$ cat start_10.tsv   # TSV, C-alpha atoms
chain	number	residue	atom	x	y	z
A	728	MET	CA	5.76	-15.37	-8.60
A	729	SER	CA	2.20	-16.55	-8.49
A	730	LEU	CA	-0.68	-15.93	-10.86
A	731	ARG	CA	-3.24	-17.87	-8.84
A	732	ASN	CA	-5.39	-14.84	-7.93
A	733	PRO	CA	-8.60	-14.10	-9.86
A	734	TYR	CA	-6.97	-11.43	-12.04
A	735	GLY	CA	-3.84	-13.39	-12.95
A	736	ASP	CA	-1.80	-10.59	-11.40
A	737	PHE	CA	1.85	-10.88	-10.44
A	738	GLU	CA	2.00	-11.24	-6.64
A	739	VAL	CA	4.74	-9.31	-4.86
A	740	THR	CA	5.67	-10.36	-1.32
A	741	ASP	CA	9.35	-9.39	-1.19
A	742	PRO	CA	9.89	-6.06	0.65
A	743	GLN	CA	12.81	-5.23	-1.67
A	744	ALA	CA	10.59	-5.68	-4.72
A	745	MET	CA	7.95	-3.46	-3.07
A	746	ARG	CA	10.56	-0.78	-2.49
A	747	ALA	CA	11.69	-1.09	-6.10
A	748	LEU	CA	8.11	-0.64	-7.31
A	749	ALA	CA	7.57	2.33	-5.00
A	750	HIS	CA	9.81	4.44	-7.26
A	751	PRO	CA	7.62	6.68	-9.47
A	752	VAL	CA	9.53	5.96	-12.71
A	753	ARG	CA	9.48	2.19	-12.17
A	754	LEU	CA	5.80	2.10	-11.26
A	755	ALA	CA	4.92	4.32	-14.24
A	756	ALA	CA	7.01	2.15	-16.60
A	757	LEU	CA	5.40	-1.06	-15.35
A	758	SER	CA	1.91	0.47	-15.60
A	759	TYR	CA	2.57	1.60	-19.17
A	760	LEU	CA	3.82	-1.84	-20.22
A	761	GLN	CA	0.83	-3.52	-18.57
A	762	ARG	CA	-1.57	-1.26	-20.45
A	763	ASN	CA	0.16	-1.00	-23.81
A	764	GLY	CA	2.40	-4.00	-24.25
A	765	PRO	CA	6.07	-4.11	-25.28
A	766	ALA	CA	8.09	-0.92	-25.61
A	767	THR	CA	11.67	0.28	-25.63
A	768	ALA	CA	13.19	2.51	-22.97
A	769	THR	CA	13.19	5.33	-25.51
A	770	GLN	CA	9.47	4.89	-26.17
A	771	LEU	CA	8.74	4.75	-22.43
A	772	SER	CA	10.87	7.73	-21.50
A	773	ASP	CA	8.25	10.33	-22.49
A	774	HIS	CA	5.59	8.52	-20.48
A	775	VAL	CA	7.62	8.12	-17.30
A	776	GLY	CA	9.37	11.48	-17.18
A	777	ALA	CA	12.95	10.19	-17.43
A	778	SER	CA	15.65	10.00	-20.07
A	779	PRO	CA	15.95	6.78	-22.09
A	780	SER	CA	19.13	5.76	-20.23
A	781	VAL	CA	17.52	6.33	-16.81
A	782	THR	CA	14.38	4.52	-17.96
A	783	SER	CA	16.52	1.60	-19.16
A	784	TRP	CA	18.22	1.40	-15.76
A	785	HIS	CA	14.84	1.28	-14.00
A	786	LEU	CA	13.59	-1.42	-16.38
A	787	ARG	CA	16.63	-3.57	-15.61
A	788	HIS	CA	15.90	-3.09	-11.91
A	789	LEU	CA	12.29	-4.25	-12.42
A	790	ALA	CA	13.62	-7.25	-14.36
A	791	GLU	CA	15.73	-8.27	-11.34
A	792	PHE	CA	12.46	-8.88	-9.47
A	793	GLY	CA	10.79	-10.65	-12.40
A	794	LEU	CA	8.24	-7.93	-13.09
A	795	VAL	CA	9.39	-7.23	-16.65
A	796	VAL	CA	11.32	-9.21	-19.24
A	797	ASP	CA	13.05	-8.32	-22.44
A	798	VAL	CA	11.26	-9.69	-25.47
A	799	PRO	CA	12.15	-10.08	-29.15
A	800	PRO	CA	11.58	-6.91	-31.16
A	801	PRO	CA	8.44	-6.79	-33.29
A	802	SER	CA	9.02	-7.64	-36.93
A	803	GLY	CA	9.93	-4.65	-39.01
A	804	THR	CA	11.67	-2.81	-36.15
A	805	ASP	CA	15.33	-2.17	-35.42
A	806	ARG	CA	16.67	-5.43	-34.00
A	807	ARG	CA	19.35	-3.54	-32.05
A	808	GLN	CA	16.73	-2.00	-29.75
A	809	ARG	CA	15.89	-3.74	-26.49
A	810	TRP	CA	12.16	-4.30	-26.03
A	811	TRP	CA	10.55	-4.81	-22.62
A	812	ASN	CA	7.22	-6.25	-21.55
A	813	ALA	CA	5.40	-6.76	-18.26
A	814	VAL	CA	5.11	-10.41	-17.19
A	815	SER	CA	1.44	-9.94	-16.29
A	816	HIS	CA	-1.28	-7.38	-16.93
A	817	GLY	CA	-1.39	-6.35	-13.25
A	818	PHE	CA	0.25	-6.84	-9.90
A	819	ARG	CA	-0.75	-7.02	-6.28
A	820	TYR	CA	1.30	-7.02	-3.14
A	821	GLN	CA	1.09	-8.52	0.32
A	822	ALA	CA	3.49	-6.94	2.78
A	823	PRO	CA	5.13	-9.41	5.17
A	824	ASP	CA	4.23	-8.95	8.83
A	825	THR	CA	7.61	-7.45	9.71
A	826	PRO	CA	8.71	-3.83	10.27
A	827	GLU	CA	10.61	-3.94	6.95
A	828	GLY	CA	7.55	-5.38	5.17
A	829	ALA	CA	5.19	-2.81	6.71
A	830	GLU	CA	7.44	0.07	5.66
A	831	ALA	CA	7.90	-1.29	2.13
A	832	GLY	CA	4.14	-1.80	1.80
A	833	ARG	CA	3.48	1.73	3.03
A	834	LEU	CA	5.93	3.19	0.47
A	835	LEU	CA	4.37	1.24	-2.38
A	836	ARG	CA	0.81	2.07	-1.31
A	837	THR	CA	1.71	5.77	-1.18
A	838	GLU	CA	3.14	5.81	-4.70
A	839	MET	CA	0.26	3.74	-6.07
A	840	MET	CA	-2.27	6.17	-4.58
A	841	ASN	CA	-0.32	9.17	-5.90
A	842	GLN	CA	-0.37	7.74	-9.41
A	843	ALA	CA	-4.05	6.78	-9.10
A	844	PHE	CA	-4.94	10.36	-8.13
A	845	GLU	CA	-2.91	11.66	-11.09
A	846	THR	CA	-4.72	9.21	-13.37
A	847	ALA	CA	-8.10	10.45	-12.13
A	848	GLN	CA	-7.08	14.10	-12.56
A	849	ARG	CA	-5.80	13.48	-16.12
A	850	TRP	CA	-9.04	11.65	-16.92
A	851	LEU	CA	-11.10	14.62	-15.71
A	852	VAL	CA	-9.15	17.04	-17.89
A	853	GLU	CA	-8.19	15.02	-20.96
A	854	ILE	CA	-10.76	12.23	-21.41
A	855	GLU	CA	-14.06	13.04	-19.75
A	856	PRO	CA	-14.87	16.24	-21.70
A	857	ASP	CA	-14.82	14.29	-24.99
A	858	LEU	CA	-16.58	11.11	-23.87
A	859	ASP	CA	-19.72	9.95	-25.55
A	860	PRO	CA	-22.63	10.80	-23.18
A	861	ALA	CA	-23.44	7.11	-22.62
A	862	TRP	CA	-19.89	6.42	-21.41
A	863	SER	CA	-19.73	9.65	-19.44
A	864	ARG	CA	-22.90	8.70	-17.58
A	865	LEU	CA	-21.35	5.34	-16.64
A	866	ALA	CA	-18.20	6.90	-15.23
A	867	GLY	CA	-18.78	6.73	-11.52
A	868	SER	CA	-17.34	7.47	-8.18
A	869	ALA	CA	-18.60	6.72	-4.73
A	870	ASN	CA	-17.63	7.42	-1.16
A	871	THR	CA	-19.37	4.81	0.95
A	872	ARG	CA	-18.69	4.15	4.62
A	873	LEU	CA	-19.02	0.53	5.73
A	874	VAL	CA	-19.01	-0.83	9.27
A	875	VAL	CA	-17.43	-4.27	8.95
A	876	THR	CA	-15.05	-6.67	10.62
A	877	ALA	CA	-11.66	-7.44	9.06
A	878	GLU	CA	-13.02	-10.80	7.90
A	879	GLU	CA	-16.08	-9.17	6.32
A	880	LEU	CA	-13.92	-6.62	4.48
A	881	GLU	CA	-11.74	-9.43	3.18
A	882	ALA	CA	-14.88	-11.25	1.96
A	883	ILE	CA	-16.16	-8.07	0.27
A	884	GLU	CA	-12.84	-7.52	-1.51
A	885	SER	CA	-12.77	-11.17	-2.62
A	886	ALA	CA	-16.35	-10.94	-3.96
A	887	ILE	CA	-15.49	-7.78	-5.91
A	888	GLU	CA	-12.45	-9.49	-7.41
A	889	GLN	CA	-14.50	-12.52	-8.43
A	890	LEU	CA	-17.07	-10.24	-10.06
A	891	LEU	CA	-14.45	-8.25	-11.99
A	892	ALA	CA	-12.13	-11.15	-12.90
A	893	PRO	CA	-13.78	-12.09	-16.22
A	894	TYR	CA	-13.43	-8.47	-17.39
A	895	VAL	CA	-9.87	-8.05	-16.12
A	896	GLN	CA	-8.49	-11.02	-18.01
A	897	ARG	CA	-7.31	-9.93	-21.42
A	898	ARG	CA	-9.85	-10.73	-24.05
A	899	ASP	CA	-8.68	-11.80	-27.46
A	900	ALA	CA	-9.69	-9.35	-30.14
A	901	GLY	CA	-12.23	-11.84	-31.42
A	902	GLU	CA	-13.85	-12.31	-28.00
A	903	ALA	CA	-14.36	-8.68	-27.01
A	904	PRO	CA	-17.61	-7.09	-28.12
A	905	ASP	CA	-17.19	-4.45	-30.82
A	906	ASP	CA	-18.30	-1.68	-28.49
A	907	ALA	CA	-15.99	-2.70	-25.61
A	908	ARG	CA	-13.36	-0.26	-24.40
A	909	SER	CA	-10.75	-0.11	-21.70
A	910	VAL	CA	-12.02	1.22	-18.36
A	911	ARG	CA	-9.74	2.06	-15.43
A	912	HIS	CA	-11.40	0.87	-12.20
A	913	LEU	CA	-9.77	2.54	-9.20
A	914	ARG	CA	-10.80	1.15	-5.84
A	915	PHE	CA	-9.61	2.08	-2.36
A	916	SER	CA	-10.55	0.43	0.90
A	917	LEU	CA	-9.38	2.72	3.69
A	918	PRO	CA	-9.98	1.40	7.19
A	919	GLU	CA	-10.60	4.32	9.54
A	920	ALA	CA	-9.15	4.81	12.99
A	921	THR	CA	-11.18	3.34	15.84

$ encode --input "start_10.tsv" --output "structure tokens"
Amino acid sequence: MSLRNPYGDFEVTDPQAMRALAHPVRLAALSYLQRNGPATATQLSDHVGASPSVTSWHLRHLAEFGLVVDVPPPSGTDRRQRWWNAVSHGFRYQAPDTPEGAEAGRLLRTEMMNQAFETAQRWLVEIEPDLDPAWSRLAGSANTRLVVTAEELEAIESAIEQLLAPYVQRRDAGEAPDDARSVRHLRFSLPEAT
């Protein structure tokens, strides 16, 4: 595991870990824990569309790859319940340059995009209609075509990460401005066929 990237994200390079994350329940569970902090399998089950026992099995599978850990229960809760937390607030992956790595990366990319599209659709239906006009105006989307080399695209992605990094890192409650709120920033770079 490495947290050396600008976001402090967990870096996945093992094709088996990528395949594990490509499962919709596992990816949804990890995403929930990254957004909301520690939870039990029972608490997660409604959010991931699986029973508590199935959710628990998937959490243990994620733990095998170091993506989640069990943590002490919060004070005032049932100490018999097993609590889970993500080891970082995000993750990124780099598929090895092997057929197995390429396939694992493709599977994970597909599931990540599926969940991103679902997130955008839910936002349109559940969040956007009730947003304050100032926040609604700032919600953006773009579809821009670039003509770049692979090296230039890598530089663009790196510059975007450096720009966003201070806002991605978790701010302590005392550091965040009073009017700050969580914003989901979805970004796709889709090289086109030549």

$ closest_residue --input "start_10.tsv" --among "A:Glu845, A:Asp797, A:Glu888, A:Glu881" --to "Ala755 of chain A" --atoms "only C-alpha atoms"
A:Glu845

$ closest_residue --input "start_10.tsv" --among "A:Ala877, A:Leu771, A:Ala866, A:Val852" --to "Ser783 of chain A" --atoms "only C-alpha atoms"
A:Leu771

$ atom_distance --input "start_10.tsv" --atom1 "atom CA of Thr740 of chain A" --atom2 "atom CA of Ser815 of chain A"
15.6 Å

$ closest_residue --input "start_10.tsv" --among "A:Ala920, A:Val814, A:Leu858, A:Leu851" --to "Asp736 of chain A" --atoms "all atoms listed in the file"
A:Val814

$ closest_residue --input "start_10.tsv" --among "A:Tyr820, A:Trp811, A:Tyr894, A:Tyr759" --to "Arg746 of chain A" --atoms "only C-alpha atoms"
A:Tyr820

$ residues_around --input "start_10.tsv" --residues "Phe818 of chain A" --least-positions-apart "4" --cutoff "9 Å" --atoms "all atoms listed in the file" --output "ChimeraX atom specification"
/A:734-739,794

$ closest_residue --input "start_10.tsv" --among "A:Arg908, A:Arg762, A:Arg864, A:Arg819" --to "Met839 of chain A" --atoms "all atoms listed in the file"
A:Arg819

$ atom_distance --input "start_10.tsv" --atom1 "atom CA of Gln889 of chain A" --atom2 "atom CA of Leu913 of chain A"
15.8 Å

$ residues_around --input "start_10.tsv" --residues "Leu760 of chain A" --least-positions-apart "2" --cutoff "9 Å" --atoms "only C-alpha atoms" --output "NGL selection string"
:A and (755-758 or 762-766 or 771 or 795 or 811-813 or 816)

$ residues_around --input "start_10.tsv" --residues "Leu834 of chain A" --least-positions-apart "5" --cutoff "12 Å" --atoms "all atoms listed in the file" --output "PyMOL selection string"
chain A and resi 742-751+754+820+822+827-829+839-841

$ closest_residue --input "start_10.tsv" --among "A:Glu878, A:Ser863, A:Glu902, A:Ala869" --to "Arg914 of chain A" --atoms "all atoms listed in the file"
A:Ala869

$ decode --input "start_10.tsv" --residues "segment 771-803 of chain A" --atoms "N, CA and C atoms" --output "short mmCIF file (atom, residue, chain, number, x, y, z; two decimals), in the first residue's frame"
data_model
loop_
_atom_site.label_atom_id
_atom_site.label_comp_id
_atom_site.auth_asym_id
_atom_site.auth_seq_id
_atom_site.Cartn_x
_atom_site.Cartn_y
_atom_site.Cartn_z
N LEU A 771 -24.33 -1.30 6.71
CA LEU A 771 -23.98 -1.19 5.30
C LEU A 771 -24.95 -1.92 4.38
N SER A 772 -25.58 -2.96 4.89
CA SER A 772 -26.36 -3.84 4.02
C SER A 772 -27.43 -3.10 3.21
N ASP A 773 -28.11 -2.14 3.81
CA ASP A 773 -29.12 -1.38 3.06
C ASP A 773 -28.51 -0.55 1.94
N HIS A 774 -27.29 -0.10 2.14
CA HIS A 774 -26.64 0.78 1.16
C HIS A 774 -25.99 0.02 0.02
N VAL A 775 -25.72 -1.25 0.23
CA VAL A 775 -25.02 -2.03 -0.80
C VAL A 775 -25.90 -3.07 -1.48
N GLY A 776 -27.14 -3.20 -1.00
CA GLY A 776 -28.07 -4.13 -1.63
C GLY A 776 -27.78 -5.59 -1.36
N ALA A 777 -27.30 -5.91 -0.16
CA ALA A 777 -27.01 -7.30 0.21
C ALA A 777 -27.39 -7.50 1.67
N SER A 778 -27.58 -8.76 2.04
CA SER A 778 -27.90 -9.07 3.44
C SER A 778 -26.69 -8.76 4.31
N PRO A 779 -26.90 -8.60 5.62
CA PRO A 779 -25.76 -8.37 6.51
C PRO A 779 -24.70 -9.46 6.43
N SER A 780 -25.11 -10.73 6.34
CA SER A 780 -24.11 -11.81 6.29
C SER A 780 -23.31 -11.76 4.99
N VAL A 781 -23.97 -11.47 3.86
CA VAL A 781 -23.25 -11.35 2.59
C VAL A 781 -22.34 -10.13 2.62
N THR A 782 -22.83 -9.04 3.17
CA THR A 782 -22.03 -7.82 3.28
C THR A 782 -20.80 -8.08 4.14
N SER A 783 -20.97 -8.81 5.24
CA SER A 783 -19.85 -9.15 6.12
C SER A 783 -18.81 -9.97 5.37
N TRP A 784 -19.25 -10.90 4.57
CA TRP A 784 -18.32 -11.73 3.78
C TRP A 784 -17.51 -10.85 2.82
N HIS A 785 -18.19 -9.91 2.16
CA HIS A 785 -17.49 -9.03 1.22
C HIS A 785 -16.51 -8.11 1.95
N LEU A 786 -16.87 -7.65 3.14
CA LEU A 786 -15.95 -6.82 3.92
C LEU A 786 -14.69 -7.59 4.30
N ARG A 787 -14.87 -8.84 4.70
CA ARG A 787 -13.70 -9.67 5.04
C ARG A 787 -12.80 -9.86 3.82
N HIS A 788 -13.43 -9.98 2.64
CA HIS A 788 -12.65 -10.12 1.40
C HIS A 788 -11.85 -8.84 1.12
N LEU A 789 -12.47 -7.69 1.32
CA LEU A 789 -11.76 -6.41 1.15
C LEU A 789 -10.62 -6.30 2.16
N ALA A 790 -10.84 -6.80 3.36
CA ALA A 790 -9.80 -6.75 4.40
C ALA A 790 -8.58 -7.58 4.00
N GLU A 791 -8.80 -8.67 3.28
CA GLU A 791 -7.68 -9.51 2.83
C GLU A 791 -6.70 -8.71 1.96
N PHE A 792 -7.19 -7.70 1.27
CA PHE A 792 -6.34 -6.88 0.40
C PHE A 792 -5.93 -5.57 1.08
N GLY A 793 -6.30 -5.40 2.35
CA GLY A 793 -5.87 -4.23 3.09
C GLY A 793 -6.67 -2.98 2.83
N LEU A 794 -7.83 -3.10 2.19
CA LEU A 794 -8.63 -1.93 1.85
C LEU A 794 -9.52 -1.46 3.00
N VAL A 795 -9.92 -2.40 3.85
CA VAL A 795 -10.70 -2.06 5.04
C VAL A 795 -10.10 -2.78 6.24
N VAL A 796 -10.38 -2.27 7.42
CA VAL A 796 -9.93 -2.89 8.66
C VAL A 796 -11.08 -2.86 9.65
N ASP A 797 -11.05 -3.82 10.58
CA ASP A 797 -12.04 -3.70 11.65
C ASP A 797 -11.48 -2.77 12.71
N VAL A 798 -12.36 -2.00 13.28
CA VAL A 798 -11.98 -0.95 14.23
C VAL A 798 -12.80 -1.13 15.51
N PRO A 799 -12.32 -0.58 16.62
CA PRO A 799 -13.10 -0.67 17.86
C PRO A 799 -14.46 0.01 17.69
N PRO A 800 -15.48 -0.55 18.32
CA PRO A 800 -16.80 0.08 18.21
C PRO A 800 -16.81 1.44 18.88
N PRO A 801 -17.61 2.35 18.37
CA PRO A 801 -17.74 3.66 19.03
C PRO A 801 -18.29 3.49 20.44
N SER A 802 -17.92 4.39 21.32
CA SER A 802 -18.42 4.29 22.70
C SER A 802 -19.94 4.41 22.69
N GLY A 803 -20.54 3.64 23.56
CA GLY A 803 -22.00 3.68 23.66
C GLY A 803 -22.69 2.73 22.69
#
